[in-house]
$ cat entry09.txt   # compact mmCIF, C-alpha atoms
# COMPACT_ATOMS: atom_id res chain seq x y z
CA MET A 1 -18.08 -33.42 -32.68
CA VAL A 2 -19.87 -36.20 -30.80
CA GLY A 3 -21.76 -37.31 -33.90
CA GLU A 4 -18.49 -38.25 -35.59
CA ASN A 5 -17.35 -40.47 -32.77
CA VAL A 6 -20.41 -41.96 -31.10
CA VAL A 7 -22.92 -44.52 -32.34
CA GLY A 8 -25.88 -45.23 -30.07
CA ASN A 9 -24.17 -43.67 -27.04
CA ARG A 10 -20.97 -45.68 -27.67
CA ILE A 11 -17.66 -44.24 -28.78
CA VAL A 12 -16.45 -46.11 -31.85
CA SER A 13 -12.78 -45.17 -31.66
CA ASN A 14 -10.72 -45.17 -28.49
CA ARG A 15 -10.74 -41.44 -27.91
CA MET A 16 -11.22 -39.71 -24.59
CA GLU A 17 -14.40 -37.67 -24.53
CA ILE A 18 -15.35 -35.12 -21.85
CA ILE A 19 -18.98 -34.10 -21.42
CA VAL A 20 -19.74 -31.05 -19.26
CA LEU A 21 -22.97 -32.03 -17.53
CA GLY A 22 -23.05 -28.87 -15.42
CA SER A 23 -20.92 -25.71 -15.36
CA GLY A 24 -22.62 -23.68 -12.65
CA THR A 25 -21.96 -22.80 -9.06
CA SER A 26 -23.80 -24.19 -6.04
CA HIS A 27 -26.84 -21.91 -6.56
CA GLY A 28 -27.09 -22.73 -10.26
CA VAL A 29 -27.92 -20.12 -12.89
CA PRO A 30 -30.50 -18.64 -13.00
CA MET A 31 -30.57 -18.21 -9.25
CA ILE A 32 -33.85 -18.38 -7.36
CA GLY A 33 -35.40 -14.92 -7.04
CA CYS A 34 -32.76 -13.07 -9.08
CA ASP A 35 -33.65 -10.54 -11.78
CA CYS A 36 -30.12 -9.82 -13.03
CA ALA A 37 -29.42 -9.74 -16.76
CA VAL A 38 -27.67 -13.13 -16.72
CA CYS A 39 -30.42 -14.87 -14.75
CA LYS A 40 -33.02 -13.42 -17.13
CA SER A 41 -30.90 -14.08 -20.24
CA SER A 42 -32.35 -15.95 -23.22
CA ASP A 43 -28.90 -17.36 -24.07
CA PRO A 44 -29.08 -21.11 -23.25
CA LYS A 45 -25.38 -21.06 -22.33
CA ASN A 46 -26.28 -18.80 -19.39
CA ARG A 47 -28.33 -21.64 -17.90
CA ARG A 48 -25.90 -23.52 -15.66
CA THR A 49 -26.66 -26.53 -13.52
CA ARG A 50 -24.43 -27.70 -10.69
CA PRO A 51 -20.89 -28.79 -11.65
CA SER A 52 -20.18 -32.27 -12.98
CA ILE A 53 -18.47 -33.97 -15.92
CA VAL A 54 -18.45 -37.33 -17.67
CA VAL A 55 -15.20 -38.86 -18.95
CA ARG A 56 -15.85 -41.52 -21.57
CA THR A 57 -13.82 -43.97 -23.61
CA GLU A 58 -14.97 -46.95 -25.64
CA LEU A 59 -14.23 -49.08 -22.56
CA GLY A 60 -16.44 -47.27 -20.08
CA THR A 61 -18.07 -44.12 -18.75
CA LEU A 62 -16.89 -42.27 -15.64
CA LEU A 63 -19.09 -39.74 -13.85
CA VAL A 64 -17.44 -37.14 -11.61
CA ASP A 65 -19.87 -36.11 -8.82
CA THR A 66 -23.63 -36.61 -8.67
CA THR A 67 -25.29 -33.21 -8.68
CA PRO A 68 -28.90 -32.49 -7.65
CA GLU A 69 -29.73 -32.21 -11.40
CA LEU A 70 -28.16 -35.52 -12.40
CA ARG A 71 -31.41 -36.85 -13.88
CA LEU A 72 -31.99 -33.72 -15.95
CA GLN A 73 -28.34 -33.49 -17.00
CA SER A 74 -28.38 -37.11 -18.15
CA LEU A 75 -31.53 -36.58 -20.19
CA ALA A 76 -30.08 -33.44 -21.77
CA VAL A 77 -27.05 -35.30 -23.19
CA ASP A 78 -28.73 -38.71 -23.61
CA LEU A 79 -26.39 -40.32 -21.09
CA ARG A 80 -27.23 -44.01 -20.85
CA ARG A 81 -24.30 -45.53 -19.00
CA VAL A 82 -22.42 -44.80 -15.81
CA ASP A 83 -19.81 -47.48 -15.15
CA ALA A 84 -18.10 -45.78 -12.19
CA VAL A 85 -18.35 -42.58 -10.14
CA LEU A 86 -15.53 -40.42 -8.79
CA PHE A 87 -16.32 -37.94 -6.02
CA THR A 88 -14.40 -34.74 -5.36
CA HIS A 89 -16.11 -34.00 -2.01
CA THR A 90 -19.54 -34.16 -0.39
CA HIS A 91 -20.94 -30.65 -0.48
CA ALA A 92 -24.61 -30.72 -1.47
CA ASP A 93 -24.08 -29.52 -5.04
CA HIS A 94 -21.74 -32.47 -5.69
CA ILE A 95 -23.56 -35.37 -4.05
CA PHE A 96 -27.32 -34.87 -3.74
CA GLY A 97 -28.19 -36.60 -7.01
CA LEU A 98 -26.67 -39.90 -5.95
CA ASP A 99 -30.01 -41.71 -5.79
CA ASP A 100 -30.42 -41.20 -9.56
CA LEU A 101 -27.65 -43.75 -10.08
CA ARG A 102 -30.22 -46.51 -9.59
CA ARG A 103 -31.50 -45.93 -13.13
CA PHE A 104 -28.01 -46.61 -14.45
CA ASN A 105 -27.99 -49.83 -12.38
CA ASP A 106 -31.16 -50.83 -14.21
CA LEU A 107 -29.69 -50.03 -17.62
CA SER A 108 -26.48 -51.96 -17.05
CA ASP A 109 -27.85 -54.60 -14.65
CA ALA A 110 -24.70 -54.14 -12.58
CA GLU A 111 -23.47 -52.51 -9.40
CA ILE A 112 -21.65 -49.20 -9.82
CA PRO A 113 -18.27 -48.74 -8.14
CA VAL A 114 -17.96 -45.40 -6.33
CA TYR A 115 -14.57 -43.87 -5.52
CA GLY A 116 -13.77 -41.23 -2.92
CA ASP A 117 -11.49 -40.58 0.01
CA VAL A 118 -12.23 -42.01 3.46
CA ALA A 119 -14.19 -38.95 4.60
CA THR A 120 -16.30 -38.95 1.42
CA LEU A 121 -17.22 -42.63 1.74
CA LYS A 122 -18.10 -42.10 5.40
CA ASP A 123 -20.38 -39.19 4.42
CA ILE A 124 -22.08 -41.26 1.72
CA ARG A 125 -22.94 -43.94 4.28
CA ARG A 126 -24.19 -41.29 6.72
CA ILE A 127 -26.27 -39.28 4.21
CA TYR A 128 -27.68 -42.32 2.37
CA PRO A 129 -28.01 -45.03 5.06
CA TYR A 130 -30.92 -46.74 3.26
CA ILE A 131 -28.60 -47.72 0.39
CA PHE A 132 -26.54 -49.87 2.74
CA THR A 133 -29.39 -51.31 4.83
CA GLU A 134 -30.93 -54.67 3.95
CA THR A 135 -34.57 -54.25 2.93
CA GLY A 136 -37.31 -56.47 1.57
CA PRO A 137 -38.71 -56.44 -1.97
CA GLY A 138 -39.55 -53.09 -3.55
CA GLY A 139 -38.18 -49.66 -2.65
CA GLY A 140 -35.64 -49.31 -5.43
CA LYS A 141 -32.26 -47.96 -4.37
CA PRO A 142 -28.82 -47.59 -5.95
CA ARG A 143 -26.56 -50.64 -5.97
CA LEU A 144 -23.09 -49.33 -5.21
CA THR A 145 -19.72 -50.63 -4.09
CA LEU A 146 -17.53 -48.15 -2.21
CA HIS A 147 -13.80 -47.91 -2.90
CA THR A 148 -11.16 -45.74 -1.26
CA VAL A 149 -9.59 -43.81 -4.08
CA GLN A 150 -5.87 -44.33 -4.65
CA PRO A 151 -3.36 -41.70 -5.82
CA HIS A 152 -2.95 -43.66 -9.08
CA PHE A 153 -5.26 -46.28 -10.58
CA ASP A 154 -6.55 -47.51 -13.94
CA LEU A 155 -10.14 -47.54 -15.21
CA PHE A 156 -11.51 -48.03 -18.73
CA GLY A 157 -8.20 -47.54 -20.47
CA LEU A 158 -7.42 -44.39 -18.47
CA GLN A 159 -4.59 -43.82 -16.04
CA ILE A 160 -6.20 -41.73 -13.29
CA SER A 161 -4.43 -39.64 -10.66
CA SER A 162 -6.18 -38.20 -7.61
CA PHE A 163 -4.71 -35.42 -5.51
CA TYR A 164 -5.83 -32.66 -3.18
CA VAL A 165 -6.46 -28.99 -3.81
CA MET A 166 -7.85 -26.54 -1.26
CA HIS A 167 -11.47 -25.36 -1.15
CA GLY A 168 -11.07 -22.78 1.60
CA ARG A 169 -9.95 -24.92 4.53
CA LEU A 170 -11.34 -28.11 3.02
CA PRO A 171 -9.11 -30.44 0.99
CA VAL A 172 -11.02 -31.71 -2.05
CA LEU A 173 -9.95 -34.16 -4.72
CA ALA A 174 -8.92 -33.15 -8.20
CA TYR A 175 -8.52 -35.75 -10.93
CA ARG A 176 -6.17 -36.15 -13.87
CA PHE A 177 -7.01 -38.53 -16.72
CA ASP A 178 -4.28 -39.86 -19.04
CA GLN A 179 -4.91 -42.05 -22.05
CA PRO A 180 -1.75 -43.70 -23.40
CA ALA A 181 -0.76 -43.37 -27.03
CA THR A 182 -1.93 -45.97 -29.54
CA ASN A 183 -0.83 -46.73 -33.10
CA ALA A 184 -3.54 -44.38 -34.34
CA LEU A 185 -3.63 -41.67 -31.68
CA PRO A 186 -1.15 -39.79 -29.50
CA ALA A 187 -1.35 -39.76 -25.71
CA ARG A 188 -4.06 -37.50 -24.31
CA SER A 189 -4.46 -35.81 -20.92
CA ALA A 190 -7.20 -33.91 -19.11
CA ALA A 191 -7.86 -32.78 -15.55
CA TYR A 192 -10.86 -31.61 -13.53
CA VAL A 193 -10.20 -29.11 -10.74
CA THR A 194 -13.43 -27.82 -9.27
CA ASP A 195 -14.10 -25.97 -5.99
CA VAL A 196 -10.60 -24.60 -5.49
CA ASN A 197 -8.96 -21.40 -4.31
CA LEU A 198 -5.44 -22.78 -3.77
CA ILE A 199 -3.49 -25.46 -5.62
CA PRO A 200 -0.51 -26.75 -3.60
CA PRO A 201 2.83 -27.11 -5.43
CA GLU A 202 2.64 -30.91 -5.56
CA ALA A 203 -0.77 -30.68 -7.26
CA MET A 204 0.44 -27.97 -9.65
CA ALA A 205 3.17 -30.37 -10.79
CA GLN A 206 0.51 -32.91 -11.80
CA LEU A 207 -1.40 -30.34 -13.86
CA LEU A 208 1.33 -29.07 -16.17
CA HIS A 209 0.96 -29.12 -19.97
CA LEU A 210 -2.39 -30.89 -20.22
CA ASP A 211 -4.40 -31.20 -23.40
CA LEU A 212 -7.46 -30.00 -21.45
CA LEU A 213 -7.89 -28.39 -18.04
CA LEU A 214 -11.29 -27.71 -16.49
CA ILE A 215 -10.92 -25.29 -13.60
CA ASP A 216 -13.04 -23.33 -11.13
CA ALA A 217 -13.76 -19.62 -11.69
CA VAL A 218 -16.79 -18.51 -9.69
CA ARG A 219 -16.81 -14.73 -10.36
CA TYR A 220 -14.50 -11.90 -11.39
CA GLU A 221 -13.26 -11.09 -7.88
CA PRO A 222 -11.44 -13.49 -5.54
CA HIS A 223 -13.61 -15.63 -3.28
CA VAL A 224 -12.76 -17.24 0.06
CA THR A 225 -13.24 -20.78 -1.29
CA HIS A 226 -13.05 -20.43 -5.08
CA PHE A 227 -10.82 -18.88 -7.71
CA GLY A 228 -11.94 -15.61 -9.16
CA LEU A 229 -11.49 -15.20 -12.91
CA TYR A 230 -8.11 -13.49 -12.80
CA GLU A 231 -6.73 -15.97 -10.28
CA ALA A 232 -7.83 -18.84 -12.52
CA LEU A 233 -6.26 -17.19 -15.57
CA ALA A 234 -2.99 -16.71 -13.68
CA VAL A 235 -2.91 -20.40 -12.75
CA ILE A 236 -3.71 -21.39 -16.34
CA GLU A 237 -0.81 -19.22 -17.54
CA VAL A 238 1.55 -21.18 -15.26
CA LEU A 239 0.15 -24.60 -16.13
CA GLN A 240 0.17 -24.02 -19.91
CA PRO A 241 -2.59 -26.41 -21.01
CA LYS A 242 -3.38 -26.57 -24.70
CA ARG A 243 -6.95 -25.69 -23.81
CA ALA A 244 -8.71 -24.61 -20.61
CA LEU A 245 -12.38 -24.41 -19.74
CA LEU A 246 -13.77 -22.43 -16.83
CA THR A 247 -16.46 -24.06 -14.72
CA HIS A 248 -18.37 -23.64 -11.43
CA MET A 249 -19.45 -20.22 -12.77
CA SER A 250 -22.00 -17.97 -11.09
CA HIS A 251 -24.46 -15.45 -12.48
CA HIS A 252 -21.69 -12.85 -12.40
CA PHE A 253 -20.63 -14.16 -15.81
CA ASP A 254 -22.48 -13.61 -19.07
CA GLN A 255 -21.26 -16.32 -21.43
CA ALA A 256 -20.74 -14.16 -24.52
CA THR A 257 -19.05 -11.39 -22.55
CA LEU A 258 -16.74 -13.81 -20.79
CA GLU A 259 -15.78 -15.46 -24.07
CA SER A 260 -14.60 -12.07 -25.30
CA GLN A 261 -12.53 -11.48 -22.13
CA THR A 262 -10.50 -14.70 -22.07
CA PRO A 263 -7.35 -15.68 -24.01
CA GLY A 264 -7.61 -17.77 -27.15
CA ASN A 265 -6.97 -21.11 -25.44
CA VAL A 266 -9.40 -20.36 -22.56
CA SER A 267 -13.18 -20.26 -22.69
CA PRO A 268 -16.12 -20.69 -20.35
CA ALA A 269 -17.61 -24.17 -20.35
CA PHE A 270 -21.33 -24.65 -20.88
CA ASP A 271 -23.83 -27.33 -19.98
CA GLY A 272 -23.94 -30.12 -22.55
CA GLN A 273 -20.54 -29.24 -24.04
CA ILE A 274 -18.67 -32.21 -25.53
CA ILE A 275 -14.91 -32.18 -26.01
CA THR A 276 -13.22 -35.02 -27.88
CA LEU A 277 -9.48 -35.39 -27.38
$ encode --input "entry09.txt" --output "C-alpha cells"
Amino acid sequence: MVGENVVGNRIVSNRMEIIVLGSGTSHGVPMIGCDCAVCKSSDPKNRRTRPSIVVRTELGTLLVDTTPELRLQSLAVDLRRVDAVLFTHTHADHIFGLDDLRRFNDLSDAEIPVYGDVATLKDIRRIYPYIFTETGPGGGKPRLTLHTVQPHFDLFGLQISSFYVMHGRLPVLAYRFDQPATNALPARSAAYVTDVNLIPPEAMAQLLHLDLLLIDAVRYEPHVTHFGLYEALAVIEVLQPKRALLTHMSHHFDQATLESQTPGNVSPAFDGQIITL
C-alpha cells in the first residue's frame, strides 16, 4: 500500500496516510515478567509498543504523541520527517519520547511546532525544563515551539478538529482529520480516540460516519479508564465508520483471535500498519 504512494518517504499524490507507530497499552506487549501466551507469542503483530500514530500528506507529517519507543518506532517504519506534533495528554506512555524529536530537528533543520491544551503545554515545560532553558554550545536538545491547540485549525492540507473525551476522570484530546475533496479524490476523514472510557455527546457528533476511526480497546472486560472490547464495538456501531481499528491493546488480546471476533469493518491495529485513504 505505501509502496504505491510514497517515494523516498514522500507521498506523491495528495492522499491522507495513517501510520500506526504503536498499538499497545501503557505496559506494552510483551509485558515485563509475563509468561502468558500472547507475551510469549511468535506472531510479530502481538508485539505492541506504546500508542501513537502519524498522519501524513504530501504537504507535511503530523505525529500524535511521543511514546517512550519513538526512536524505535521511527526506525521500524523509516520515518524521516516530523513537521508538527499533536498531544492527547501527558501520561508517561504518550510523552516520554519527546527528546527524540531533536533528530527530526536535525533532519529538517527547523523547529517543530507542538500542539496541546494549556495543561499539556504546562506539563511539557515542567517535565522537560532543559528544552526551554538557555544553554551554551553542545548538549543537543529538541527545538520546539508550543501552541495552544484550537478546536479547529488547518495543517498540511488537513482540517483538524480537537475535542475532549474522558479517560476516567481526566479529559484528554481526541483528533479528527478531514482532507477536502480534490478533482482526483473525494473528501477523506479519520479520527484518533485513544485512552477513553466515555465519549460525551458533543464528541460523538464529531465522530460520525468517518472513513477511518482508531479507538481504544484495552481488554475484553470494561476498565475504569479505557473501553473494553464490547464497549468499543458498541460505540463503533453507533458511529458507523467505514473502517475501525482498535488500539491501546493489552496482552489480553491475541491478534489472530481478535481478528476472528470482530465485525468485517473492524480489526485490531498493529505496529507498523499503514492505511492510505
$ residues_around --input "entry09.txt" --residues "Ile160 of chain A" --least-positions-apart "4" --cutoff "7 Å" --atoms "all atoms listed in the file" --output "MDAnalysis selection string"
chainID A and resid 152:154 175:178
$ closest_residue --input "entry09.txt" --among "A:Asp117, A:Glu17, A:Glu259, A:Asp78" --to "Ala190 of chain A" --atoms "all atoms listed in the file"
A:Glu17
$ atom_distance --input "entry09.txt" --atom1 "atom CA of Arg47 of chain A" --atom2 "atom CA of Leu62 of chain A"
23.7 Å
$ residues_around --input "entry09.txt" --residues "Ile199 of chain A" --least-positions-apart "5" --cutoff "7 Å" --atoms "all atoms listed in the file" --output "PDB file with C-alpha atoms, in the coordinates of the input"
ATOM      1  CA  VAL A 165      -6.460 -28.990  -3.810  1.00  0.00           C
ATOM      2  CA  MET A 166      -7.850 -26.540  -1.260  1.00  0.00           C
ATOM      3  CA  MET A 204       0.440 -27.970  -9.650  1.00  0.00           C
TER       4      MET A 204
END
$ residues_around --input "entry09.txt" --residues "Phe163 of chain A" --least-positions-apart "4" --cutoff "10 Å" --atoms "only C-alpha atoms" --output "number ranges by chain"
A: 88, 149-152, 171-176, 193, 200, 202-204, 206
$ write_last_selection --input "entry09.txt" --atoms "C-alpha atoms" --output "short mmCIF file (atom, residue, chain, number, x, y, z; two decimals), in the coordinates of the input"
data_model
loop_
_atom_site.label_atom_id
_atom_site.label_comp_id
_atom_site.auth_asym_id
_atom_site.auth_seq_id
_atom_site.Cartn_x
_atom_site.Cartn_y
_atom_site.Cartn_z
CA THR A 88 -14.40 -34.74 -5.36
CA VAL A 149 -9.59 -43.81 -4.08
CA GLN A 150 -5.87 -44.33 -4.65
CA PRO A 151 -3.36 -41.70 -5.82
CA HIS A 152 -2.95 -43.66 -9.08
CA PRO A 171 -9.11 -30.44 0.99
CA VAL A 172 -11.02 -31.71 -2.05
CA LEU A 173 -9.95 -34.16 -4.72
CA ALA A 174 -8.92 -33.15 -8.20
CA TYR A 175 -8.52 -35.75 -10.93
CA ARG A 176 -6.17 -36.15 -13.87
CA VAL A 193 -10.20 -29.11 -10.74
CA PRO A 200 -0.51 -26.75 -3.60
CA GLU A 202 2.64 -30.91 -5.56
CA ALA A 203 -0.77 -30.68 -7.26
CA MET A 204 0.44 -27.97 -9.65
CA GLN A 206 0.51 -32.91 -11.80
#
$ closest_residue --input "entry09.txt" --among "A:Leu246, A:Ala184, A:Val238, A:Ile32" --to "Leu214 of chain A" --atoms "all atoms listed in the file"
A:Leu246
$ residues_near_point --input "entry09.txt" --point "(-17.3, -36.7, -20.8)" --cutoff "6 Å" --atoms "only C-alpha atoms" --output "ChimeraX atom specification"
/A:17-19,53-56
$ write_last_selection --input "entry09.txt" --atoms "C-alpha atoms" --output "mmCIF file, keeping the file's coordinate frame"
data_model
loop_
_atom_site.group_PDB
_atom_site.id
_atom_site.type_symbol
_atom_site.label_atom_id
_atom_site.label_comp_id
_atom_site.auth_asym_id
_atom_site.auth_seq_id
_atom_site.Cartn_x
_atom_site.Cartn_y
_atom_site.Cartn_z
ATOM 1 C CA GLU A 17 -14.400 -37.670 -24.530
ATOM 2 C CA ILE A 18 -15.350 -35.120 -21.850
ATOM 3 C CA ILE A 19 -18.980 -34.100 -21.420
ATOM 4 C CA ILE A 53 -18.470 -33.970 -15.920
ATOM 5 C CA VAL A 54 -18.450 -37.330 -17.670
ATOM 6 C CA VAL A 55 -15.200 -38.860 -18.950
ATOM 7 C CA ARG A 56 -15.850 -41.520 -21.570
#
$ closest_residue --input "entry09.txt" --among "A:Pro180, A:Gly24, A:Gly60, A:Pro113" --to "Gln159 of chain A" --atoms "all atoms listed in the file"
A:Pro180
